[in-house]
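Student: Sharing protein37.txt here; it has compact mmCIF, C-alpha atoms and all ligand atoms.
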# COMPACT_ATOMS: atom_id res chain seq x y z
CA MET A 86 19.74 30.34 -9.10
CA ALA A 87 18.98 26.71 -9.70
CA GLY A 88 15.57 25.13 -10.01
CA TYR A 89 13.92 27.05 -12.85
CA ALA A 90 12.70 24.36 -15.21
CA SER A 91 10.99 26.67 -17.65
CA CYS A 92 8.43 25.24 -20.03
CA ARG A 93 7.07 25.73 -23.50
CA LEU A 94 3.39 26.68 -23.54
CA ASP A 95 1.00 25.55 -26.27
CA ILE A 96 -2.49 26.98 -26.44
CA ASP A 97 -4.65 25.19 -28.96
CA GLY A 98 -8.10 26.40 -30.01
CA ILE A 99 -9.15 27.83 -26.64
CA ARG A 100 -12.66 29.23 -26.39
CA LYS A 101 -14.44 30.60 -23.34
CA THR A 102 -18.04 31.74 -23.19
CA TYR A 103 -19.41 33.27 -19.98
CA ALA A 104 -22.99 33.11 -18.77
CA GLY A 105 -25.04 35.50 -20.88
CA GLY A 106 -23.31 34.36 -24.04
CA VAL A 107 -20.26 36.66 -23.91
CA VAL A 108 -17.50 35.02 -25.97
CA ALA A 109 -14.46 36.23 -24.02
CA VAL A 110 -11.86 34.11 -25.82
CA ASP A 111 -12.68 33.00 -29.34
CA ASP A 112 -10.59 30.13 -30.69
CA ILE A 113 -7.08 31.27 -29.77
CA SER A 114 -4.04 29.18 -30.62
CA LEU A 115 -0.49 30.27 -29.88
CA THR A 116 2.83 29.01 -28.60
CA VAL A 117 5.19 30.60 -26.10
CA GLU A 118 8.69 29.15 -26.33
CA LYS A 119 10.73 28.14 -23.32
CA GLY A 120 12.15 31.29 -21.74
CA GLU A 121 10.11 33.64 -23.94
CA VAL A 122 7.93 36.54 -22.75
CA LEU A 123 4.65 36.99 -24.57
CA ALA A 124 2.56 40.09 -23.91
CA LEU A 125 -1.20 39.91 -24.41
CA LEU A 126 -2.02 43.47 -25.43
CA GLY A 127 -5.47 44.90 -25.95
CA PRO A 128 -8.16 47.22 -24.61
CA SER A 129 -10.40 46.43 -21.66
CA GLY A 130 -12.73 43.52 -22.35
CA CYS A 131 -10.81 41.91 -25.22
CA GLY A 132 -10.29 38.68 -23.26
CA LYS A 133 -6.69 39.00 -22.03
CA THR A 134 -7.39 38.15 -18.40
CA THR A 135 -9.67 35.26 -19.32
CA LEU A 136 -6.89 33.73 -21.39
CA LEU A 137 -4.35 34.24 -18.59
CA GLN A 138 -6.71 32.79 -15.99
CA SER A 139 -7.27 29.78 -18.25
CA ILE A 140 -3.52 29.11 -18.20
CA ALA A 141 -3.43 29.52 -14.41
CA GLY A 142 -6.44 27.23 -14.02
CA PHE A 143 -8.87 29.71 -12.46
CA VAL A 144 -11.06 29.67 -15.59
CA THR A 145 -12.08 26.48 -17.38
CA PRO A 146 -12.29 26.89 -21.16
CA ASP A 147 -15.27 25.44 -23.07
CA ARG A 148 -12.97 23.76 -25.51
CA GLY A 149 -9.37 23.59 -26.75
CA ASP A 150 -6.25 22.52 -24.91
CA ILE A 151 -3.42 24.10 -22.93
CA ALA A 152 -0.15 22.20 -22.58
CA LEU A 153 3.15 22.75 -20.79
CA ASP A 154 6.03 20.96 -22.49
CA GLY A 155 3.53 18.92 -24.49
CA GLN A 156 1.50 17.74 -21.46
CA SER A 157 -2.09 18.94 -21.19
CA ILE A 158 -2.71 20.81 -17.93
CA LEU A 159 -6.45 21.38 -18.35
CA THR A 160 -7.42 18.75 -15.83
CA VAL A 161 -4.63 19.70 -13.39
CA ALA A 162 -5.77 21.78 -10.37
CA PRO A 163 -4.44 25.39 -10.36
CA GLU A 164 -2.13 24.82 -7.37
CA ARG A 165 -0.57 21.82 -9.07
CA ARG A 166 0.16 23.49 -12.40
CA ARG A 167 3.30 25.13 -11.01
CA THR A 168 2.49 28.41 -12.68
CA ALA A 169 2.97 31.55 -10.61
CA MET A 170 0.60 34.48 -10.99
CA MET A 171 1.28 38.08 -10.05
CA PHE A 172 -1.64 40.50 -10.07
CA GLN A 173 -1.87 44.27 -10.38
CA HIS A 174 -3.31 44.45 -6.88
CA TYR A 175 -0.82 42.10 -5.28
CA ALA A 176 -2.28 41.44 -1.86
CA LEU A 177 0.57 40.90 0.58
CA PHE A 178 -0.48 39.47 3.95
CA PRO A 179 -0.44 42.60 6.16
CA HIS A 180 0.30 40.74 9.39
CA MET A 181 3.33 38.88 8.00
CA SER A 182 6.89 40.12 7.49
CA VAL A 183 8.38 40.33 4.02
CA ARG A 184 10.24 37.07 4.67
CA ASP A 185 7.08 35.26 5.77
CA ASN A 186 5.08 36.66 2.86
CA ILE A 187 7.65 35.29 0.44
CA GLY A 188 7.89 31.97 2.27
CA PHE A 189 4.14 31.39 2.46
CA GLY A 190 3.94 29.37 -0.77
CA LEU A 191 6.91 27.23 0.26
CA LYS A 192 5.20 26.46 3.56
CA MET A 193 2.08 25.36 1.68
CA MET A 194 4.28 23.17 -0.50
CA LYS A 195 5.85 21.72 2.68
CA VAL A 196 9.37 22.63 1.60
CA ALA A 197 11.84 21.77 4.42
CA LYS A 198 12.90 24.77 6.56
CA PRO A 199 16.61 24.97 5.60
CA GLU A 200 15.75 24.70 1.90
CA ALA A 201 13.01 27.34 2.30
CA VAL A 202 15.41 29.74 4.05
CA ARG A 203 17.96 29.31 1.28
CA ARG A 204 15.38 29.95 -1.43
CA ILE A 205 13.93 32.98 0.32
CA ASP A 206 17.42 34.44 0.77
CA ASP A 207 18.10 33.86 -2.93
CA VAL A 208 15.01 35.71 -4.13
CA LEU A 209 15.47 38.51 -1.61
CA ARG A 210 18.87 39.10 -3.21
CA LEU A 211 17.44 38.65 -6.69
CA VAL A 212 14.94 41.49 -6.30
CA ARG A 213 17.35 43.49 -4.13
CA ILE A 214 15.33 43.70 -0.93
CA GLU A 215 17.63 41.76 1.43
CA ALA A 216 17.60 44.69 3.85
CA LEU A 217 13.80 44.68 4.07
CA ALA A 218 13.29 41.03 5.00
CA GLU A 219 11.99 41.67 8.51
CA ARG A 220 9.74 44.63 7.68
CA MET A 221 5.97 44.51 7.54
CA PRO A 222 4.18 45.40 4.25
CA SER A 223 2.86 48.68 5.75
CA GLN A 224 6.50 49.81 6.14
CA LEU A 225 7.25 49.46 2.42
CA SER A 226 6.91 51.77 -0.58
CA GLY A 227 4.80 50.76 -3.59
CA GLY A 228 7.87 49.67 -5.57
CA GLN A 229 9.20 47.65 -2.65
CA ARG A 230 5.86 45.89 -2.24
CA GLN A 231 5.93 45.10 -5.92
CA ARG A 232 9.33 43.48 -5.47
CA VAL A 233 8.01 41.38 -2.60
CA ALA A 234 5.09 40.25 -4.78
CA LEU A 235 7.52 39.32 -7.54
CA ALA A 236 9.79 37.47 -5.10
CA ARG A 237 6.77 35.61 -3.78
CA ALA A 238 5.82 34.59 -7.32
CA VAL A 239 9.25 33.29 -8.33
CA VAL A 240 10.34 31.67 -5.04
CA THR A 241 8.21 28.59 -5.74
CA GLU A 242 10.36 28.01 -8.85
CA PRO A 243 7.38 27.95 -11.16
CA ARG A 244 7.40 26.48 -14.65
CA MET A 245 5.76 29.67 -15.93
CA LEU A 246 5.21 33.20 -14.72
CA LEU A 247 1.83 34.84 -15.36
CA LEU A 248 1.64 38.59 -14.89
CA ASP A 249 -1.65 40.51 -14.88
CA GLU A 250 -0.93 44.22 -15.38
CA PRO A 251 2.03 43.73 -13.04
CA LEU A 252 3.04 47.38 -12.83
CA GLY A 253 -0.40 48.94 -13.27
CA ALA A 254 -0.60 50.29 -9.73
CA LEU A 255 2.72 52.15 -9.81
CA ASP A 256 3.31 55.78 -10.76
CA GLN A 257 5.10 56.51 -14.02
CA ASN A 258 8.72 56.87 -12.76
CA LEU A 259 8.60 53.81 -10.59
CA ARG A 260 6.90 51.94 -13.35
CA GLU A 261 9.74 52.58 -15.78
CA GLU A 262 12.32 51.57 -13.19
CA MET A 263 10.42 48.36 -12.41
CA GLN A 264 10.00 47.61 -16.13
CA SER A 265 13.78 47.42 -16.55
CA GLU A 266 14.14 45.36 -13.39
CA LEU A 267 11.42 42.95 -14.33
CA ARG A 268 12.95 42.49 -17.77
CA LYS A 269 16.43 41.86 -16.35
CA LEU A 270 15.07 39.42 -13.80
CA GLN A 271 13.09 37.51 -16.39
CA GLN A 272 16.11 37.30 -18.70
CA ARG A 273 18.30 36.12 -15.86
CA LEU A 274 15.89 33.40 -14.84
CA GLY A 275 14.87 32.51 -18.40
CA LEU A 276 11.37 32.06 -17.10
CA THR A 277 8.63 31.53 -19.70
CA THR A 278 6.21 34.40 -19.09
CA VAL A 279 2.79 35.54 -20.27
CA MET A 280 1.93 39.10 -19.36
CA VAL A 281 -1.34 40.97 -19.72
CA THR A 282 -1.24 44.68 -20.41
CA HIS A 283 -3.26 47.39 -22.11
CA ASP A 284 -0.19 49.61 -22.36
CA GLN A 285 1.59 49.27 -25.70
CA ARG A 286 4.80 50.79 -24.36
CA GLU A 287 4.92 48.27 -21.56
CA ALA A 288 4.34 45.42 -24.01
CA ILE A 289 7.19 46.68 -26.20
CA VAL A 290 9.76 47.05 -23.42
CA LEU A 291 8.91 43.91 -21.47
CA SER A 292 8.25 41.22 -24.04
CA ASP A 293 9.88 39.23 -26.81
CA ARG A 294 6.63 38.94 -28.75
CA ILE A 295 3.27 40.65 -28.54
CA ALA A 296 -0.18 39.23 -29.29
CA VAL A 297 -2.59 42.09 -30.00
CA MET A 298 -6.09 40.99 -29.00
CA HIS A 299 -9.44 42.22 -30.28
CA ASP A 300 -12.86 40.86 -29.31
CA GLY A 301 -11.51 37.56 -27.98
CA LYS A 302 -9.22 36.89 -30.94
CA VAL A 303 -5.53 37.45 -31.63
CA GLU A 304 -5.45 40.05 -34.38
CA GLN A 305 -1.67 40.05 -34.84
CA ILE A 306 1.22 38.27 -33.16
CA GLY A 307 4.87 39.11 -33.71
CA THR A 308 7.96 40.76 -32.28
CA ALA A 309 7.63 44.24 -30.86
CA ARG A 310 9.45 45.52 -33.94
CA ASP A 311 7.02 43.77 -36.33
CA ILE A 312 4.00 45.12 -34.54
CA TYR A 313 5.46 48.59 -34.07
CA ASP A 314 6.66 49.04 -37.64
CA HIS A 315 4.24 46.79 -39.52
CA PRO A 316 0.79 46.57 -38.00
CA CYS A 317 -1.36 44.34 -40.21
CA THR A 318 -4.72 46.01 -39.59
CA CYS A 319 -6.01 49.51 -38.83
CA TYR A 320 -7.12 48.24 -35.40
CA VAL A 321 -3.58 47.18 -34.47
CA ALA A 322 -2.12 50.38 -35.92
CA ASN A 323 -4.58 52.48 -33.96
CA PHE A 324 -4.14 50.59 -30.72
CA THR A 325 -0.36 50.73 -30.90
CA GLY A 326 -0.40 54.47 -31.40
CA VAL A 327 0.24 54.95 -35.13
CA GLU A 328 -0.59 58.62 -35.61
CA ASN A 329 -1.03 58.59 -39.39
CA LEU A 330 -3.65 56.38 -41.01
CA LEU A 331 -3.91 57.97 -44.42
CA PRO A 332 -6.33 57.34 -47.29
CA ALA A 333 -4.23 56.44 -50.35
CA GLU A 334 -4.45 54.68 -53.72
CA ARG A 335 -2.42 51.71 -54.81
CA GLY A 336 -1.67 51.64 -58.55
CA ALA A 337 -0.99 48.74 -60.91
CA GLU A 338 2.78 48.85 -60.43
CA GLY A 339 2.40 48.63 -56.69
CA VAL A 340 3.15 52.31 -56.22
CA VAL A 341 1.23 54.02 -53.45
CA ILE A 342 -0.22 57.41 -54.32
CA LEU A 343 -0.86 59.88 -51.55
CA ALA A 344 -2.31 63.31 -52.34
CA GLY A 345 -1.44 62.76 -56.00
CA VAL A 346 2.25 61.99 -55.33
CA ALA A 347 3.73 58.50 -55.81
CA ILE A 348 5.66 57.07 -52.85
CA GLU A 349 8.28 54.63 -54.10
CA GLY A 350 9.66 51.55 -52.47
CA ILE A 351 6.96 50.43 -50.06
CA VAL A 352 7.19 46.66 -49.93
CA ASP A 353 4.20 44.95 -48.43
CA PRO A 354 4.00 41.30 -49.35
CA GLY A 355 0.77 40.81 -47.41
CA LEU A 356 -1.26 43.11 -49.61
CA ALA A 357 0.93 43.01 -52.72
CA ALA A 358 -2.01 42.25 -54.95
CA ARG A 359 -4.34 44.86 -53.52
CA LYS A 360 -5.22 47.72 -55.82
CA GLY A 361 -7.40 50.76 -55.44
CA ALA A 362 -8.20 52.44 -52.14
CA VAL A 363 -5.88 51.52 -49.25
CA THR A 364 -4.88 52.98 -45.90
CA LEU A 365 -1.25 53.94 -45.49
CA ALA A 366 -0.13 53.52 -41.87
CA VAL A 367 2.98 55.43 -40.85
CA ARG A 368 4.34 56.56 -37.51
CA SER A 369 5.12 60.21 -36.97
CA GLU A 370 8.85 59.53 -36.62
CA ALA A 371 8.99 57.71 -39.98
CA ILE A 372 8.18 60.95 -41.83
CA SER A 373 10.80 63.66 -42.28
CA LEU A 374 10.40 67.24 -43.41
CA SER A 375 12.68 69.40 -45.53
CA PRO A 376 12.26 73.08 -46.41
CA GLY A 377 10.66 74.10 -49.70
CA VAL A 378 10.04 71.81 -52.66
CA SER A 379 12.00 68.58 -52.88
CA HIS A 380 11.92 66.07 -55.73
CA GLY A 381 10.02 62.87 -54.90
CA ALA A 382 8.65 64.31 -51.66
CA ILE A 383 5.11 65.50 -50.96
CA PRO A 384 4.52 69.27 -50.74
CA ALA A 385 2.93 70.34 -47.45
CA THR A 386 2.24 73.35 -45.26
CA VAL A 387 3.02 73.44 -41.54
CA THR A 388 -0.18 74.01 -39.50
CA PHE A 389 0.95 73.29 -35.92
CA VAL A 390 4.26 73.23 -34.06
CA GLN A 391 4.91 71.81 -30.58
CA MET A 392 8.11 71.39 -28.58
CA LEU A 393 8.28 68.03 -26.83
CA GLY A 394 11.71 68.35 -25.23
CA ALA A 395 14.02 66.08 -27.21
CA SER A 396 11.78 66.23 -30.28
CA MET A 397 9.44 68.50 -32.18
CA ARG A 398 5.93 67.57 -33.16
CA TYR A 399 4.51 69.07 -36.32
CA GLU A 400 1.17 68.86 -38.04
CA VAL A 401 1.31 69.52 -41.75
CA GLU A 402 -1.37 69.65 -44.43
CA LEU A 403 -0.96 68.21 -47.90
CA ASP A 404 -2.41 69.91 -50.99
CA ASP A 405 -5.53 67.71 -50.92
CA GLY A 406 -6.21 68.56 -47.26
CA THR A 407 -4.73 65.33 -45.80
CA ARG A 408 -3.15 66.01 -42.40
CA LEU A 409 0.07 64.37 -41.23
CA VAL A 410 1.63 64.24 -37.78
CA VAL A 411 5.43 64.37 -37.94
CA ALA A 412 7.91 63.96 -35.08
CA GLU A 413 11.48 65.08 -35.62
CA VAL A 414 14.50 65.05 -33.35
CA ARG A 415 15.32 68.67 -32.51
CA ARG A 416 18.07 70.11 -34.63
CA GLU A 417 20.46 73.00 -34.22
CA THR A 418 18.60 75.00 -36.85
CA ALA A 419 15.41 76.87 -35.97
CA PRO A 420 12.31 74.67 -36.16
CA TYR A 421 9.66 75.18 -38.81
CA SER A 422 6.91 77.68 -38.15
CA VAL A 423 3.20 77.62 -38.92
CA GLY A 424 2.71 78.54 -42.58
CA ASP A 425 6.11 77.26 -43.76
CA LYS A 426 6.13 75.37 -47.05
CA VAL A 427 7.87 72.04 -46.58
CA SER A 428 8.26 68.65 -48.25
CA ALA A 429 7.35 65.42 -46.46
CA ARG A 430 9.31 62.25 -47.14
CA PHE A 431 8.25 58.79 -45.93
CA ALA A 432 10.64 56.04 -44.77
CA ALA A 433 9.23 53.43 -47.15
CA ASN A 434 10.40 50.45 -45.07
CA ARG A 435 8.34 51.71 -42.16
CA CYS A 436 5.09 52.23 -44.05
CA SER A 437 2.32 49.62 -44.00
CA ILE A 438 -0.39 49.26 -46.58
CA LEU A 439 -3.65 48.26 -44.91
CA GLU A 440 -7.19 47.69 -46.06
CA ALA A 441 -9.01 50.96 -46.58
N1 LIG B 1 -16.96 36.05 -14.74
C1 LIG B 1 -17.49 36.62 -15.82
N2 LIG B 1 -18.79 36.49 -16.13
C2 LIG B 1 -19.32 37.04 -17.24
N3 LIG B 1 -18.61 37.77 -18.14
C3 LIG B 1 -17.31 37.94 -17.89
C4 LIG B 1 -16.67 37.39 -16.71
N4 LIG B 1 -15.36 37.74 -16.75
C5 LIG B 1 -15.17 38.46 -17.86
N5 LIG B 1 -16.34 38.59 -18.57
C6 LIG B 1 -16.52 39.27 -19.84
O1 LIG B 1 -15.64 38.66 -20.80
C7 LIG B 1 -15.03 39.64 -21.64
C8 LIG B 1 -13.51 39.55 -21.52
O2 LIG B 1 -13.12 39.91 -20.20
P1 LIG B 1 -11.60 39.88 -19.73
O3 LIG B 1 -11.59 40.26 -18.28
O4 LIG B 1 -10.99 38.60 -20.11
O5 LIG B 1 -10.99 41.04 -20.61
P2 LIG B 1 -9.66 41.90 -20.42
O6 LIG B 1 -9.16 42.14 -21.78
O7 LIG B 1 -8.75 41.22 -19.47
O8 LIG B 1 -10.21 43.25 -19.79
P3 LIG B 1 -9.58 44.15 -18.60
O9 LIG B 1 -8.32 44.75 -19.19
O10 LIG B 1 -10.65 45.16 -18.36
O11 LIG B 1 -9.33 43.23 -17.44
C9 LIG B 1 -15.62 40.98 -21.20
O12 LIG B 1 -16.69 41.27 -22.07
C10 LIG B 1 -16.09 40.72 -19.80
O13 LIG B 1 -17.18 41.56 -19.47
If you took the structure in this file and wrote it as structure tokens, what would it be?
Tutor:
Amino acid sequence: MAGYASCRLDIDGIRKTYAGGVVAVDDISLTVEKGEVLALLGPSGCGKTTLLQSIAGFVTPDRGDIALDGQSILTVAPERRRTAMMFQHYALFPHMSVRDNIGFGLKMMKVAKPEAVRRIDDVLRLVRIEALAERMPSQLSGGQRQRVALARAVVTEPRMLLLDEPLGALDQNLREEMQSELRKLQQRLGLTTVMVTHDQREAIVLSDRIAVMHDGKVEQIGTARDIYDHPCTCYVANFTGVENLLPAERGAEGVVILAGVAIEGIVDPGLAARKGAVTLAVRSEAISLSPGVSHGAIPATVTFVQMLGASMRYEVELDDGTRLVVAEVRRETAPYSVGDKVSARFAANRCSILEA
């Protein structure tokens, strides 16, 4: 499809305070490159929607600037910013066919009829609902309605796509299917996108980079892999589902000591100089178990065993009482049982050393 002149987005020192003194967005600066998808990830109330609405123009920040391709858009009216917003509760017009719903924005923009028909046909094909063009919204499934909402957002050939919990209203299966579709569509169009979500899985599968927000600030920004493997604070680790946040000691040589055993090879430039009490953050799948005593590994006792289908989930206890959660791909051999003596080994390149 032609017509997608995607833009680079620069947000510079944006702050928004609501009546009553709530600081919803607190001095956020970030850049989204042309064609990139950035997810704003965080719990309810951290300021994600306020930031998104500031980009769309529905919220006016107290200070800072927002620019598309280097041009400030703060004084541009929302409908003239050429950003397209798709909400969780996408309200389709119930009395209009799918085709008319999609074409509504083009009509407002006074796009000539033949051009409008061509563009509507293009997006109908793009989201694979050509056959549904003449139906009314009440005759569509949830996933089909979502596709119409998406088609309606992209048909205006926006410079940026803004998604607010775009798949939040769908059930789990449909949601996963739409996640892949949305990702493929975005990659095909190369449309710069900012997406709000509180679901870390959704942020990982849909975006190129993730900004984890906390109390109106960006606490960490990076690729999904960075954030997943190397959270920089306990808050980010916790919010992105790291199961093991373990009290440990960091010695003079940089070695991390957990339950009296030294774990070699953890490289953490950020906190290289930190000594004394630290928190060791490690995902359950970055720990492996072996039977009995194993040199360089930490002795542990299995306290809980759970079958999760493709994997096993174990809880084990170290000699000092520290508990670990371990996930292992199921093997041919019988799984460990409660009471088994095992050794736990950490994948050092997937451990993060955080402030205690
Ligand atoms: N119009 C408003 N007036 C006053 N306070 C507001 C307004 N809108 C949002 N807030 C407050 O600003 C803070 C950030 O809200 P925001 O909606 O941006 O967060 P969020 O991360 O998107 O949350 P959610 O996921 O629940 O939508 C919250 O404390 C919220 O109560």
Student: Which residue out of A:Asp249, A:Glu304, A:Glu402, A:Asp97 has the minimum interatomic distance to ligand LIG 1 (chain B) when only C-alpha atoms and all ligand atoms are used?
Tutor: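 Nearest to ligand LIG 1 (chain B): A:Asp249.
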Student: Any idea what the distance is between CA of Asp185 in chain A and CA of Gln272 in chain A?
Tutor: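 Separation of CA of Asp185 in chain A and CA of Gln272 in chain A: 26.2 Å.
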Student: Taking into account all atoms listed in the file, which residue in the set A:Val281, A:Leu94, A:Val196, A:Leu274 is nearest to ligand LIG 1 (chain B)?
Tutor: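 Under the stated criterion, the closest residue is A:Val281.
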Student: Under the rule of at most 7 Å, produce a per-residue listing of chain A near ligand LIG 1 (chain B): chain, number, name, the closest pair of atoms, and the distance in Å, as a tab-separated table, using all atoms listed in the file.
Tutor:
residue	atom	partner	partner_atom	distance
A:Tyr103	CA	B:LIG1	C2	4.7
A:Ala104	CA	B:LIG1	C2	5.6
A:Gly105	CA	B:LIG1	C2	7.0
A:Val107	CA	B:LIG1	O1	5.9
A:Val108	CA	B:LIG1	O1	6.6
A:Ala109	CA	B:LIG1	C7	4.2
A:Gly127	CA	B:LIG1	O6	6.2
A:Pro128	CA	B:LIG1	O6	5.9
A:Ser129	CA	B:LIG1	O10	3.5
A:Gly130	CA	B:LIG1	O5	3.5
A:Cys131	CA	B:LIG1	O6	3.8
A:Gly132	CA	B:LIG1	O4	3.2
A:Lys133	CA	B:LIG1	O7	4.0
A:Thr134	CA	B:LIG1	O7	3.5
A:Thr135	CA	B:LIG1	O4	3.7
A:Leu136	CA	B:LIG1	O4	6.5
A:His283	CA	B:LIG1	O9	6.4
Student: Take the residues that were just selected and, keeping C-alpha atoms, output them as a PDB file, in the coordinates of the input.
Tutor:
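Once written, part_10.pdb looks like this:
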ATOM      1  CA  TYR A 103     -19.410  33.270 -19.980  1.00  0.00           C
ATOM      2  CA  ALA A 104     -22.990  33.110 -18.770  1.00  0.00           C
ATOM      3  CA  GLY A 105     -25.040  35.500 -20.880  1.00  0.00           C
ATOM      4  CA  VAL A 107     -20.260  36.660 -23.910  1.00  0.00           C
ATOM      5  CA  VAL A 108     -17.500  35.020 -25.970  1.00  0.00           C
ATOM      6  CA  ALA A 109     -14.460  36.230 -24.020  1.00  0.00           C
ATOM      7  CA  GLY A 127      -5.470  44.900 -25.950  1.00  0.00           C
ATOM      8  CA  PRO A 128      -8.160  47.220 -24.610  1.00  0.00           C
ATOM      9  CA  SER A 129     -10.400  46.430 -21.660  1.00  0.00           C
ATOM     10  CA  GLY A 130     -12.730  43.520 -22.350  1.00  0.00           C
ATOM     11  CA  CYS A 131     -10.810  41.910 -25.220  1.00  0.00           C
ATOM     12  CA  GLY A 132     -10.290  38.680 -23.260  1.00  0.00           C
ATOM     13  CA  LYS A 133      -6.690  39.000 -22.030  1.00  0.00           C
ATOM     14  CA  THR A 134      -7.390  38.150 -18.400  1.00  0.00           C
ATOM     15  CA  THR A 135      -9.670  35.260 -19.320  1.00  0.00           C
ATOM     16  CA  LEU A 136      -6.890  33.730 -21.390  1.00  0.00           C
ATOM     17  CA  HIS A 283      -3.260  47.390 -22.110  1.00  0.00           C
TER      18      HIS A 283
END
Student: Would you list the residues near (17.4, 37.3, -9.2) (no more than 9 Å away, in the coordinates of the file, using all atoms listed in the file) as an MDAnalysis selection string?
Tutor: chainID A and resid 86 207:213 236 269:271 273:274
Student: Using all atoms listed in the file, can you tell me which of A:His180, A:His315, A:Arg230, A:Arg148 comes closest to Arg435 in chain A?
Tutor: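 Among the listed residues, the smallest separation from Arg435 in chain A belongs to A:His315.
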Student: Tell me, in Å to one decimal, how far CA of Ile205 in chain A is from CA of Met245 in chain A.
Tutor: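 CA of Met245 in chain A lies 18.5 Å from CA of Ile205 in chain A.
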Student: Have a look at CA of Val423 in chain A and CA of Thr364 in chain A and let me know their distance in Å, one decimal.
Tutor: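 Taking CA of Val423 in chain A and CA of Thr364 in chain A, their separation equals 26.9 Å.
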Student: Skipping near chain neighbours, those fewer than 5 positions away, what residues fall within 12 Å of Arg398 in chain A using all atoms listed in the file, listed as a ChimeraX atom specification?
Tutor: /A:328,368-370,372-374,387-393,409-415,420-423
Student: Which polymer residues, protein or nucleic acid, are no farther than 6 Å from (10.6, 32.0, -17.4), counting all atoms listed in the file, as a list in words?
Tutor: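 Residues found, by chain and rising number: Ser91, Gly120, Met245, Gly275, Leu276, Thr277 and Thr278 of chain A.
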Student: From the list A:Ala216, A:Arg167, A:Phe189, A:Asp95, which residue is nearest Asp154 in chain A when using all atoms listed in the file?
Tutor: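 Looking only at the distances to Asp154 in chain A, the closest residue turns out to be A:Asp95.
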Student: For each of A:Ala371, A:Ile187, A:Ala362, A:Leu235, take the minimum atom-to-atom distance to Met170 in chain A, counting only C-alpha atoms, then give the residue where this is smallest.
Tutor: A:Leu235
Student: Between A:Val367, A:Gln224, A:Ala385, A:Leu403, which residue has the minimum interatomic distance to Ala432 in chain A, considering only C-alpha atoms?
Tutor: A:Val367
Student: Would you mind listing what lies within 8 Å of Thr168 in chain A as an mmCIF file with C-alpha atoms, keeping the file's coordinate frame, with all atoms listed in the file counted and same-chain residues fewer than 5 positions away left out?
Tutor:
data_model
loop_
_atom_site.group_PDB
_atom_site.id
_atom_site.type_symbol
_atom_site.label_atom_id
_atom_site.label_comp_id
_atom_site.auth_asym_id
_atom_site.auth_seq_id
_atom_site.Cartn_x
_atom_site.Cartn_y
_atom_site.Cartn_z
ATOM 1 C CA ALA A 141 -3.430 29.520 -14.410
ATOM 2 C CA PRO A 163 -4.440 25.390 -10.360
ATOM 3 C CA PRO A 243 7.380 27.950 -11.160
ATOM 4 C CA ARG A 244 7.400 26.480 -14.650
ATOM 5 C CA MET A 245 5.760 29.670 -15.930
ATOM 6 C CA LEU A 246 5.210 33.200 -14.720
ATOM 7 C CA LEU A 247 1.830 34.840 -15.360
#
Student: Could range 379-390 of chain A be completed with N, CA and C atoms and written as a compact mmCIF listing (two decimals), in the frame of the given file, please?
Tutor:
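And here is the file that came out, part07.txt:
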# COMPACT_ATOMS: atom_id res chain seq x y z
N SER A 379 10.92 69.57 -52.77
CA SER A 379 12.00 68.58 -52.88
C SER A 379 11.52 67.46 -53.79
N HIS A 380 12.34 67.07 -54.75
CA HIS A 380 11.92 66.07 -55.73
C HIS A 380 11.56 64.74 -55.06
N GLY A 381 10.43 64.17 -55.45
CA GLY A 381 10.02 62.87 -54.90
C GLY A 381 9.35 62.97 -53.54
N ALA A 382 9.31 64.16 -52.96
CA ALA A 382 8.65 64.31 -51.66
C ALA A 382 7.30 64.99 -51.87
N ILE A 383 6.48 64.98 -50.82
CA ILE A 383 5.11 65.50 -50.96
C ILE A 383 5.06 66.93 -50.41
N PRO A 384 4.60 67.88 -51.22
CA PRO A 384 4.52 69.27 -50.74
C PRO A 384 3.49 69.39 -49.61
N ALA A 385 3.83 70.19 -48.60
CA ALA A 385 2.93 70.34 -47.45
C ALA A 385 3.13 71.71 -46.81
N THR A 386 2.15 72.08 -45.98
CA THR A 386 2.24 73.35 -45.26
C THR A 386 2.14 73.06 -43.77
N VAL A 387 3.03 73.67 -42.99
CA VAL A 387 3.02 73.44 -41.54
C VAL A 387 1.80 74.15 -40.93
N THR A 388 1.02 73.41 -40.11
CA THR A 388 -0.18 74.01 -39.50
C THR A 388 -0.09 74.07 -37.98
N PHE A 389 0.86 73.33 -37.39
CA PHE A 389 0.95 73.29 -35.92
C PHE A 389 2.36 72.87 -35.52
N VAL A 390 2.89 73.53 -34.51
CA VAL A 390 4.26 73.23 -34.06
C VAL A 390 4.24 73.07 -32.54
